[in-house]
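Student: This is protein.txt (compact mmCIF, C-alpha atoms).
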# COMPACT_ATOMS: atom_id res chain seq x y z
CA MET A 1 -0.63 2.80 -25.18
CA PRO A 2 -4.02 4.30 -26.10
CA GLU A 3 -4.93 3.53 -29.67
CA GLY A 4 -3.16 5.74 -32.14
CA LEU A 5 -0.86 7.64 -29.73
CA LYS A 6 2.81 7.37 -30.66
CA ASN A 7 5.94 8.97 -29.29
CA ARG A 8 9.62 9.29 -30.08
CA LEU A 9 10.77 10.25 -26.61
CA ARG A 10 13.48 7.60 -26.51
CA ALA A 11 15.04 8.92 -29.74
CA TRP A 12 15.06 12.50 -28.41
CA ARG A 13 16.53 11.39 -25.09
CA THR A 14 19.31 9.29 -26.55
CA GLY A 15 19.96 12.07 -29.07
CA LYS A 16 20.70 14.35 -26.12
CA ASN A 17 22.83 11.65 -24.44
CA MET A 18 20.53 11.60 -21.42
CA THR A 19 19.68 8.60 -19.25
CA GLN A 20 16.11 7.93 -18.14
CA ALA A 21 17.12 8.96 -14.62
CA GLU A 22 18.58 12.27 -15.80
CA LEU A 23 15.49 13.11 -17.83
CA ALA A 24 13.28 12.11 -14.90
CA GLU A 25 15.18 14.42 -12.58
CA ALA A 26 14.92 17.28 -15.07
CA ILE A 27 11.10 17.19 -14.98
CA SER A 28 10.65 15.96 -11.37
CA VAL A 29 9.18 12.54 -12.02
CA SER A 30 10.45 9.04 -11.32
CA ARG A 31 12.61 7.04 -13.73
CA LYS A 32 9.77 4.53 -14.03
CA THR A 33 7.52 7.24 -15.43
CA ILE A 34 9.97 7.99 -18.24
CA ASN A 35 10.28 4.27 -18.90
CA THR A 36 6.53 3.77 -19.16
CA ILE A 37 6.07 6.80 -21.41
CA GLU A 38 8.79 5.57 -23.76
CA ASN A 39 7.22 2.12 -23.89
CA GLY A 40 3.76 3.53 -24.46
CA VAL A 41 2.38 2.06 -21.22
CA PHE A 42 1.57 5.40 -19.63
CA THR A 43 0.05 8.46 -21.31
CA PRO A 44 1.47 11.62 -19.70
CA SER A 45 -0.66 14.60 -18.77
CA THR A 46 -0.56 17.78 -20.85
CA MET A 47 1.60 19.36 -18.15
CA LEU A 48 4.16 16.56 -18.32
CA ALA A 49 4.18 16.57 -22.12
CA LEU A 50 4.87 20.32 -22.09
CA LYS A 51 7.69 19.86 -19.56
CA LEU A 52 9.26 17.19 -21.77
CA ALA A 53 9.01 19.45 -24.80
CA ARG A 54 10.66 22.25 -22.84
CA VAL A 55 13.59 20.01 -21.87
CA PHE A 56 14.22 19.12 -25.53
CA ASN A 57 13.38 22.61 -26.74
CA CYS A 58 10.86 21.30 -29.24
CA GLN A 59 7.10 21.21 -29.86
CA VAL A 60 4.91 18.65 -28.08
CA GLU A 61 3.93 17.35 -31.52
CA ASP A 62 7.59 16.49 -32.16
CA LEU A 63 7.43 14.09 -29.20
CA PHE A 64 3.85 12.80 -29.38
CA TRP A 65 1.46 12.41 -32.26
CA LEU A 66 -1.69 10.55 -33.25
CA ASP A 67 -1.16 7.74 -35.68
CA MET B 1 3.80 21.41 8.50
CA PHE B 2 0.84 19.04 8.23
CA SER B 3 -0.12 18.25 4.68
CA THR B 4 -3.29 16.38 3.81
CA ARG B 5 -1.21 13.45 2.60
CA LEU B 6 0.73 13.21 5.84
CA ILE B 7 -2.40 13.41 7.98
CA PHE B 8 -3.86 10.67 5.80
CA ALA B 9 -0.79 8.53 6.55
CA TYR B 10 -1.25 9.12 10.30
CA VAL B 11 -4.88 8.11 10.09
CA ILE B 12 -3.97 4.91 8.25
CA LEU B 13 -1.38 4.11 10.91
CA TYR B 14 -3.88 4.80 13.68
CA VAL B 15 -6.61 2.73 12.05
CA VAL B 16 -4.27 -0.20 11.31
CA LEU B 17 -3.09 -0.31 14.93
CA THR B 18 -6.56 -0.05 16.38
CA LYS B 19 -7.94 -2.68 14.04
CA LEU B 20 -5.08 -5.04 14.83
CA ALA B 21 -5.72 -4.69 18.54
CA LEU B 22 -9.47 -5.16 18.19
CA PHE B 23 -8.82 -8.22 16.07
CA ALA B 24 -6.51 -9.51 18.80
CA ALA B 25 -9.23 -8.89 21.37
CA HIS B 26 -11.67 -10.90 19.33
CA TYR B 27 -9.07 -13.63 18.94
CA PHE B 28 -8.21 -13.84 22.64
CA SER B 29 -11.86 -13.74 23.62
CA ILE B 30 -12.39 -17.11 21.96
CA ASN B 31 -9.58 -18.71 23.96
CA TYR B 32 -11.13 -19.57 27.29
CA VAL B 33 -8.19 -19.53 29.72
CA PHE B 34 -9.51 -16.34 31.37
CA PRO B 35 -12.90 -14.65 31.08
CA ALA B 36 -13.24 -12.98 27.71
CA THR B 37 -13.92 -9.58 29.28
CA ILE B 38 -10.43 -9.43 30.80
CA TYR B 39 -8.83 -10.01 27.40
CA ILE B 40 -11.05 -7.51 25.64
CA ILE B 41 -10.57 -4.71 28.19
CA THR B 42 -6.80 -5.28 28.34
CA THR B 43 -6.36 -5.44 24.59
CA VAL B 44 -8.54 -2.42 23.87
CA ALA B 45 -6.62 -0.44 26.50
CA ILE B 46 -3.32 -1.47 24.91
CA ALA B 47 -4.74 -0.59 21.48
CA ILE B 48 -5.76 2.89 22.53
CA SER B 49 -2.40 3.48 24.26
CA ALA B 50 -0.42 2.16 21.29
CA ALA B 51 -2.45 4.17 18.81
CA GLY B 52 -2.03 7.32 20.91
CA LEU B 53 1.70 6.73 21.19
CA THR B 54 1.96 6.11 17.47
CA PHE B 55 0.09 9.32 16.76
CA LEU B 56 2.51 11.24 18.99
CA ILE B 57 5.50 9.65 17.24
CA ALA B 58 3.92 10.40 13.89
CA ARG B 59 3.49 14.05 14.91
CA LYS B 60 7.18 14.12 15.72
CA PHE B 61 7.86 12.80 12.23
CA SER B 62 5.92 15.68 10.72
CA TRP B 63 8.99 17.86 11.15
CA LEU B 64 10.68 16.70 8.02
CA GLU B 65 14.22 17.28 9.20
CA TYR B 66 13.89 14.52 11.82
CA VAL B 67 13.12 11.83 9.30
CA ASN B 68 15.95 10.12 7.49
CA THR B 69 14.64 9.68 3.98
CA SER B 70 17.99 9.35 2.25
CA ASN B 71 17.45 5.67 1.52
CA ILE B 72 14.06 6.21 -0.10
CA THR B 73 14.15 5.98 -3.90
CA ASP B 74 11.56 5.53 -6.61
CA GLU B 75 12.06 1.77 -6.22
CA SER B 76 11.08 1.93 -2.52
CA LEU B 77 7.31 1.94 -3.05
CA GLN B 78 7.45 -1.40 -4.85
CA HIS B 79 9.48 -3.00 -2.04
CA LEU B 80 7.25 -1.42 0.57
CA LEU B 81 4.13 -2.84 -1.05
CA LEU B 82 5.71 -6.30 -1.16
CA GLN B 83 6.59 -6.08 2.53
CA MET B 84 3.01 -5.07 3.37
CA LEU B 85 1.65 -7.97 1.33
CA ILE B 86 3.91 -10.59 2.91
CA SER B 87 3.43 -9.31 6.46
CA LEU B 88 -0.35 -9.13 6.00
CA PHE B 89 -0.34 -12.68 4.66
CA LEU B 90 1.74 -13.93 7.62
CA PHE B 91 -0.50 -12.13 10.09
CA GLY B 92 -3.72 -13.39 8.49
CA ALA B 93 -2.52 -16.96 7.99
CA GLY B 94 -0.93 -17.19 11.46
CA THR B 95 -4.01 -15.81 13.19
CA THR B 96 -6.41 -18.06 11.31
CA ALA B 97 -4.23 -21.14 11.87
CA SER B 98 -3.86 -20.45 15.59
CA VAL B 99 -7.65 -20.15 15.96
CA TRP B 100 -8.12 -23.44 14.13
CA TRP B 101 -5.46 -25.20 16.20
CA LYS B 102 -6.19 -23.65 19.58
CA GLU B 103 -6.69 -27.12 21.09
CA VAL B 104 -3.36 -28.45 19.73
CA PRO B 105 -0.43 -26.86 21.60
CA GLY B 106 2.15 -28.29 19.19
CA LEU B 107 0.59 -26.34 16.32
CA PHE B 108 -0.95 -23.45 18.22
CA PHE B 109 2.31 -21.83 19.39
CA PRO B 110 4.13 -21.95 16.01
CA ALA B 111 1.01 -20.48 14.36
CA LEU B 112 0.83 -17.78 17.04
CA ALA B 113 4.53 -17.01 16.49
CA VAL B 114 3.88 -16.55 12.76
CA ALA B 115 0.96 -14.22 13.53
CA ILE B 116 3.09 -12.14 15.91
CA ILE B 117 5.96 -11.90 13.39
CA GLY B 118 3.44 -10.83 10.75
CA ALA B 119 1.93 -8.20 13.06
CA VAL B 120 5.32 -6.73 13.98
CA TRP B 121 6.38 -6.67 10.33
CA LEU B 122 3.09 -5.05 9.35
CA TYR B 123 3.67 -2.36 11.97
CA LYS B 124 7.19 -1.79 10.60
CA SER B 125 5.74 -1.56 7.08
CA ALA B 126 3.26 1.06 8.24
CA LEU B 127 6.13 3.13 9.68
CA LEU B 128 8.04 2.72 6.41
CA TYR B 129 4.95 3.89 4.55
CA LEU B 130 4.92 6.99 6.72
CA THR B 131 8.61 7.59 5.96
CA PHE B 132 7.89 7.19 2.25
CA MET B 133 5.15 9.81 2.45
CA VAL B 134 7.51 12.21 4.19
CA ALA B 135 10.13 11.54 1.52
CA ALA B 136 7.50 12.18 -1.16
CA GLN B 137 6.91 15.62 0.35
CA LYS B 138 10.58 16.44 -0.09
CA ASN B 139 10.75 14.82 -3.51
CA PRO B 140 7.39 14.82 -5.36
CA ALA B 141 8.91 12.58 -8.07
CA LEU B 142 8.45 9.64 -5.68
CA LEU B 143 4.69 9.96 -5.95
CA ASP B 144 4.22 11.41 -9.41
CA GLU B 145 1.22 11.19 -11.74
CA ARG B 146 2.08 7.67 -12.93
CA SER B 147 2.32 6.41 -9.36
CA LEU B 148 -0.93 8.12 -8.35
CA ASN B 149 -2.55 6.67 -11.45
CA ASN B 150 -1.47 3.19 -10.33
CA GLN B 151 -2.83 3.91 -6.85
CA ARG B 152 -6.23 4.94 -8.22
CA ASP B 153 -6.35 1.85 -10.39
CA SER B 154 -5.54 -0.46 -7.47
CA GLU B 155 -8.24 1.21 -5.35
CA LYS B 156 -10.78 0.21 -7.97
CA TRP B 157 -9.52 -3.37 -7.79
CA ALA B 158 -9.74 -3.30 -3.99
CA PHE B 159 -13.34 -2.10 -4.23
CA VAL B 160 -14.25 -4.87 -6.65
CA GLY B 161 -12.41 -7.39 -4.43
CA CYS B 162 -14.55 -6.32 -1.45
CA LEU B 163 -17.73 -6.72 -3.48
CA GLU B 164 -16.73 -10.15 -4.76
CA MET B 165 -15.80 -11.44 -1.32
CA ALA B 166 -19.01 -10.09 0.25
CA LEU B 167 -21.07 -11.66 -2.53
CA LEU B 168 -19.29 -15.01 -2.22
CA LEU B 169 -19.63 -15.25 1.57
CA GLY B 170 -23.21 -13.99 1.48
CA TYR B 171 -24.09 -16.53 -1.18
CA LEU B 172 -22.46 -19.41 0.74
CA ASP B 173 -24.52 -18.52 3.80
CA PHE B 174 -27.69 -17.94 1.76
CA ILE B 175 -27.65 -21.35 0.11
CA GLY B 176 -26.74 -23.02 3.41
CA LEU B 177 -23.28 -24.28 2.50
CA ALA B 178 -21.70 -22.49 5.46
CA ALA B 179 -22.98 -20.60 8.49
CA ILE B 180 -20.92 -17.43 8.27
CA SER B 181 -21.02 -14.78 10.97
CA GLY B 182 -21.09 -11.06 10.31
CA ALA B 183 -17.65 -10.75 11.91
CA THR B 184 -16.19 -13.30 9.49
CA VAL B 185 -17.71 -11.45 6.54
CA GLY B 186 -16.43 -8.11 7.83
CA PHE B 187 -12.87 -9.27 8.48
CA SER B 188 -12.71 -11.27 5.23
CA VAL B 189 -13.98 -8.39 3.11
CA ALA B 190 -11.60 -5.91 4.73
CA ILE B 191 -8.49 -8.08 4.49
CA PHE B 192 -9.29 -9.37 1.00
CA GLY B 193 -9.90 -5.83 -0.26
CA VAL B 194 -6.57 -4.63 1.13
CA VAL B 195 -4.71 -7.66 -0.25
CA VAL B 196 -6.22 -7.27 -3.74
CA GLY B 197 -5.44 -3.55 -3.77
CA LEU B 198 -1.85 -4.10 -2.62
CA MET B 199 -1.30 -6.92 -5.11
CA ARG B 200 -2.60 -4.81 -7.98
CA GLN B 201 -0.49 -1.80 -7.03
CA TYR B 202 2.61 -3.97 -6.56
CA TRP B 203 2.08 -5.58 -9.95
CA LEU B 204 1.65 -2.19 -11.64
CA GLU B 205 4.81 -0.80 -10.01
CA LYS B 206 6.76 -3.90 -10.99
CA ARG B 207 5.42 -3.72 -14.54
CA ASP B 208 6.54 -0.09 -14.84
CA GLY B 209 10.06 -1.33 -14.32
Take the structure I supplied and represent it as structure tokens, if you would.
Tutor:
Amino acid sequence: MPEGLKNRLRAWRTGKNMTQAELAEAISVSRKTINTIENGVFTPSTMLALKLARVFNCQVEDLFWLD
Amino acid sequence: MFSTRLIFAYVILYVVLTKLALFAAHYFSINYVFPATIYIITTVAIAISAAGLTFLIARKFSWLEYVNTSNITDESLQHLLLQMLISLFLFGAGTTASVWWKEVPGLFFPALAVAIIGAVWLYKSALLYLTFMVAAQKNPALLDERSLNNQRDSEKWAFVGCLEMALLLGYLDFIGLAAISGATVGFSVAIFGVVVGLMRQYWLEKRDG
């Protein structure tokens, strides 16, 4: 994960009772992509972050923030 | 229905086939049962025919409905990369060993068999790669931004691998430790670059879980 970037994607996903595969399908990416975002290995693009926020009906800042 | 990505896949397939055949021509030309010219002309003719046939088959595949992509998942790329790595290794090792042992029939034929198995498997992998690309057109999630990011990263590694191998072989020749031909440098750089790139991409896909 780039220095200082945090996320709580896993908490939002489990809160909605979604699997990684279901979330991946909802935003047209692979399950691995969700996995790497949750683990902080991959930093998503602005487009992907906005799609994630739309799925959870929240702000991007609720999912990602700078530490 | 031709997308840039699909055309790129065709070109890769075409280049792989042609290079394999030219490599075979070079290989047969150093076995002196018949005059080298016969081997070279025959092999190049087969290469051009095979590449043309492959291109025609690939064109047929461009109509997406003819390609069965139901078994392609987001795990497929990782397995495909592993297949390409193993088959390339078998082909490279078998070919090199059979050139070394061309005077020893007991070792030559097993080595040649390994090279042929590797070549056939590599060809199958190339077709699978084409199928994956078609599947990615239907389902862009298969080749999403993470996957493309991994691909870009592995291309950088391949580039550095080429440089390192060229430097190493050039240096060995320069200081007189080995007399290395241009063909050896060319083949080594090309194969090492591909292997490094594939290994890096496979590792990244495996890491991403």
Student: For the atom pair atom CA of B:Leu82 and atom CA of B:Leu198, what is the interatomic distance in Å to one decimal place?
Tutor: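 Rounded to one decimal, the two atoms are 8.0 Å apart.
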Student: For atom CA of B:Leu204 and atom CA of B:Ser87, determine how far apart the two atoms are, in Å to one decimal place.
Tutor: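 The value is 19.5 Å.
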Student: Rank B:Ala141, B:Pro35, B:Tyr202, B:Tyr123 by their smallest atom-to-atom distance to A:Ala26, using all atoms listed in the file, and report the top residue only.
Tutor: B:Ala141
Student: Quick one, how far is atom CA of B:Leu77 from atom CA of A:Val55?
Tutor: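 So the answer is 26.8 Å.
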Student: When you count all atoms listed in the file, which of these residues is closest to B:Asn139: A:Leu5, A:Ile37, A:Ile27, A:Leu66?
Tutor: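 When distances to B:Asn139 are compared using all atoms listed in the file, the smallest one comes from A:Ile27.
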Student: Select from stretch 5-64 of chain A every residue with an atom at most 12 Å from any atom of stretch 133-136 of chain B, then for each give the shortest pair of atoms and their distance in Å to one decimal, using all atoms listed in the file, rows by chain and rising number, as JSON lines.
Tutor:
{"residue": "A:Ser28", "atom": "CA", "partner": "B:Ala136", "partner_atom": "CA", "distance": 11.3}
{"residue": "A:Val29", "atom": "CA", "partner": "B:Ala136", "partner_atom": "CA", "distance": 11.0}
{"residue": "A:Ser30", "atom": "CA", "partner": "B:Ala136", "partner_atom": "CA", "distance": 11.0}
Student: Taking all atoms listed in the file into account, name the residue in A:Leu9, A:Ala24, A:Val41, A:Ile34 that is nearest to A:Val60.
Tutor: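 Answer, going by the shortest atom-to-atom distance: A:Leu9.
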Student: Point out the residue among B:Thr73, B:Thr18, B:Thr184, B:Ser154 with the least atom-to-atom distance to chain A, counting all atoms listed in the file.
Tutor: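 Smallest distance to chain A is found for B:Thr73.
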Student: Choose the residue, out of A:Asn7, A:Thr33, A:Asn57, A:Asn39, that has the smallest atom-to-atom separation from chain B; count all atoms listed in the file.
Tutor: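 Under the stated criterion, the closest residue is A:Thr33.
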Student: Hey, which of B:Ala119, B:Leu85, B:Ile175, B:Gln78 ends up closest to chain A? Count all atoms listed in the file.
Tutor: B:Gln78
Student: What are the closest atom pairs, with distances in Å to one decimal, for each residue of chain B lying within 7 Å of chain A, using all atoms listed in the file, rows by chain and rising residue number, as CSV?
Tutor:
residue,atom,partner,partner_atom,distance
B:Asp74,CA,A:Ser30,CA,6.0
B:Pro140,CA,A:Ser28,CA,6.9
B:Ala141,CA,A:Val29,CA,4.0
B:Leu142,CA,A:Ser30,CA,6.0
B:Asp144,CA,A:Val29,CA,5.7
B:Arg146,CA,A:Thr33,CA,6.0
B:Asp208,CA,A:Lys32,CA,5.7
B:Gly209,CA,A:Lys32,CA,5.9
Student: What would stretch 39-54 of chain A look like if you wrote it out as a PDB file, in the first residue's frame, with N, CA and C atoms included, from the block I just posted?
Tutor:
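That gives us result23.pdb:
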ATOM      1  N   ASN A  39      -6.406  -5.672   0.875  1.00  0.00           N
ATOM      2  CA  ASN A  39      -5.138  -5.916   1.568  1.00  0.00           C
ATOM      3  C   ASN A  39      -4.134  -4.782   1.395  1.00  0.00           C
ATOM      4  N   GLY A  40      -4.520  -3.763   0.652  1.00  0.00           N
ATOM      5  CA  GLY A  40      -3.645  -2.618   0.471  1.00  0.00           C
ATOM      6  C   GLY A  40      -2.510  -2.852  -0.501  1.00  0.00           C
ATOM      7  N   VAL A  41      -2.603  -3.921  -1.295  1.00  0.00           N
ATOM      8  CA  VAL A  41      -1.539  -4.220  -2.268  1.00  0.00           C
ATOM      9  C   VAL A  41      -1.706  -3.359  -3.517  1.00  0.00           C
ATOM     10  N   PHE A  42      -2.946  -3.131  -3.894  1.00  0.00           N
ATOM     11  CA  PHE A  42      -3.225  -2.398  -5.128  1.00  0.00           C
ATOM     12  C   PHE A  42      -4.021  -1.126  -4.817  1.00  0.00           C
ATOM     13  N   THR A  43      -3.585  -0.017  -5.399  1.00  0.00           N
ATOM     14  CA  THR A  43      -4.309   1.249  -5.234  1.00  0.00           C
ATOM     15  C   THR A  43      -5.241   1.442  -6.429  1.00  0.00           C
ATOM     16  N   PRO A  44      -6.542   1.472  -6.202  1.00  0.00           N
ATOM     17  CA  PRO A  44      -7.471   1.567  -7.340  1.00  0.00           C
ATOM     18  C   PRO A  44      -7.442   2.953  -7.975  1.00  0.00           C
ATOM     19  N   SER A  45      -7.888   3.009  -9.222  1.00  0.00           N
ATOM     20  CA  SER A  45      -7.990   4.301  -9.905  1.00  0.00           C
ATOM     21  C   SER A  45      -9.151   5.092  -9.309  1.00  0.00           C
ATOM     22  N   THR A  46      -9.217   6.363  -9.656  1.00  0.00           N
ATOM     23  CA  THR A  46     -10.325   7.212  -9.188  1.00  0.00           C
ATOM     24  C   THR A  46     -11.660   6.632  -9.649  1.00  0.00           C
ATOM     25  N   MET A  47     -11.676   6.149 -10.887  1.00  0.00           N
ATOM     26  CA  MET A  47     -12.901   5.563 -11.456  1.00  0.00           C
ATOM     27  C   MET A  47     -13.388   4.373 -10.611  1.00  0.00           C
ATOM     28  N   LEU A  48     -12.436   3.512 -10.270  1.00  0.00           N
ATOM     29  CA  LEU A  48     -12.799   2.315  -9.501  1.00  0.00           C
ATOM     30  C   LEU A  48     -13.247   2.691  -8.084  1.00  0.00           C
ATOM     31  N   ALA A  49     -12.558   3.668  -7.501  1.00  0.00           N
ATOM     32  CA  ALA A  49     -12.934   4.118  -6.151  1.00  0.00           C
ATOM     33  C   ALA A  49     -14.356   4.688  -6.161  1.00  0.00           C
ATOM     34  N   LEU A  50     -14.674   5.436  -7.212  1.00  0.00           N
ATOM     35  CA  LEU A  50     -16.031   6.012  -7.317  1.00  0.00           C
ATOM     36  C   LEU A  50     -17.078   4.914  -7.507  1.00  0.00           C
ATOM     37  N   LYS A  51     -16.725   3.885  -8.288  1.00  0.00           N
ATOM     38  CA  LYS A  51     -17.662   2.768  -8.489  1.00  0.00           C
ATOM     39  C   LYS A  51     -17.924   2.041  -7.172  1.00  0.00           C
ATOM     40  N   LEU A  52     -16.849   1.851  -6.403  1.00  0.00           N
ATOM     41  CA  LEU A  52     -17.004   1.189  -5.098  1.00  0.00           C
ATOM     42  C   LEU A  52     -17.906   2.010  -4.184  1.00  0.00           C
ATOM     43  N   ALA A  53     -17.668   3.312  -4.175  1.00  0.00           N
ATOM     44  CA  ALA A  53     -18.483   4.187  -3.328  1.00  0.00           C
ATOM     45  C   ALA A  53     -19.953   4.139  -3.750  1.00  0.00           C
ATOM     46  N   ARG A  54     -20.172   4.027  -5.055  1.00  0.00           N
ATOM     47  CA  ARG A  54     -21.556   3.978  -5.541  1.00  0.00           C
ATOM     48  C   ARG A  54     -22.261   2.691  -5.096  1.00  0.00           C
TER      49      ARG A  54
END
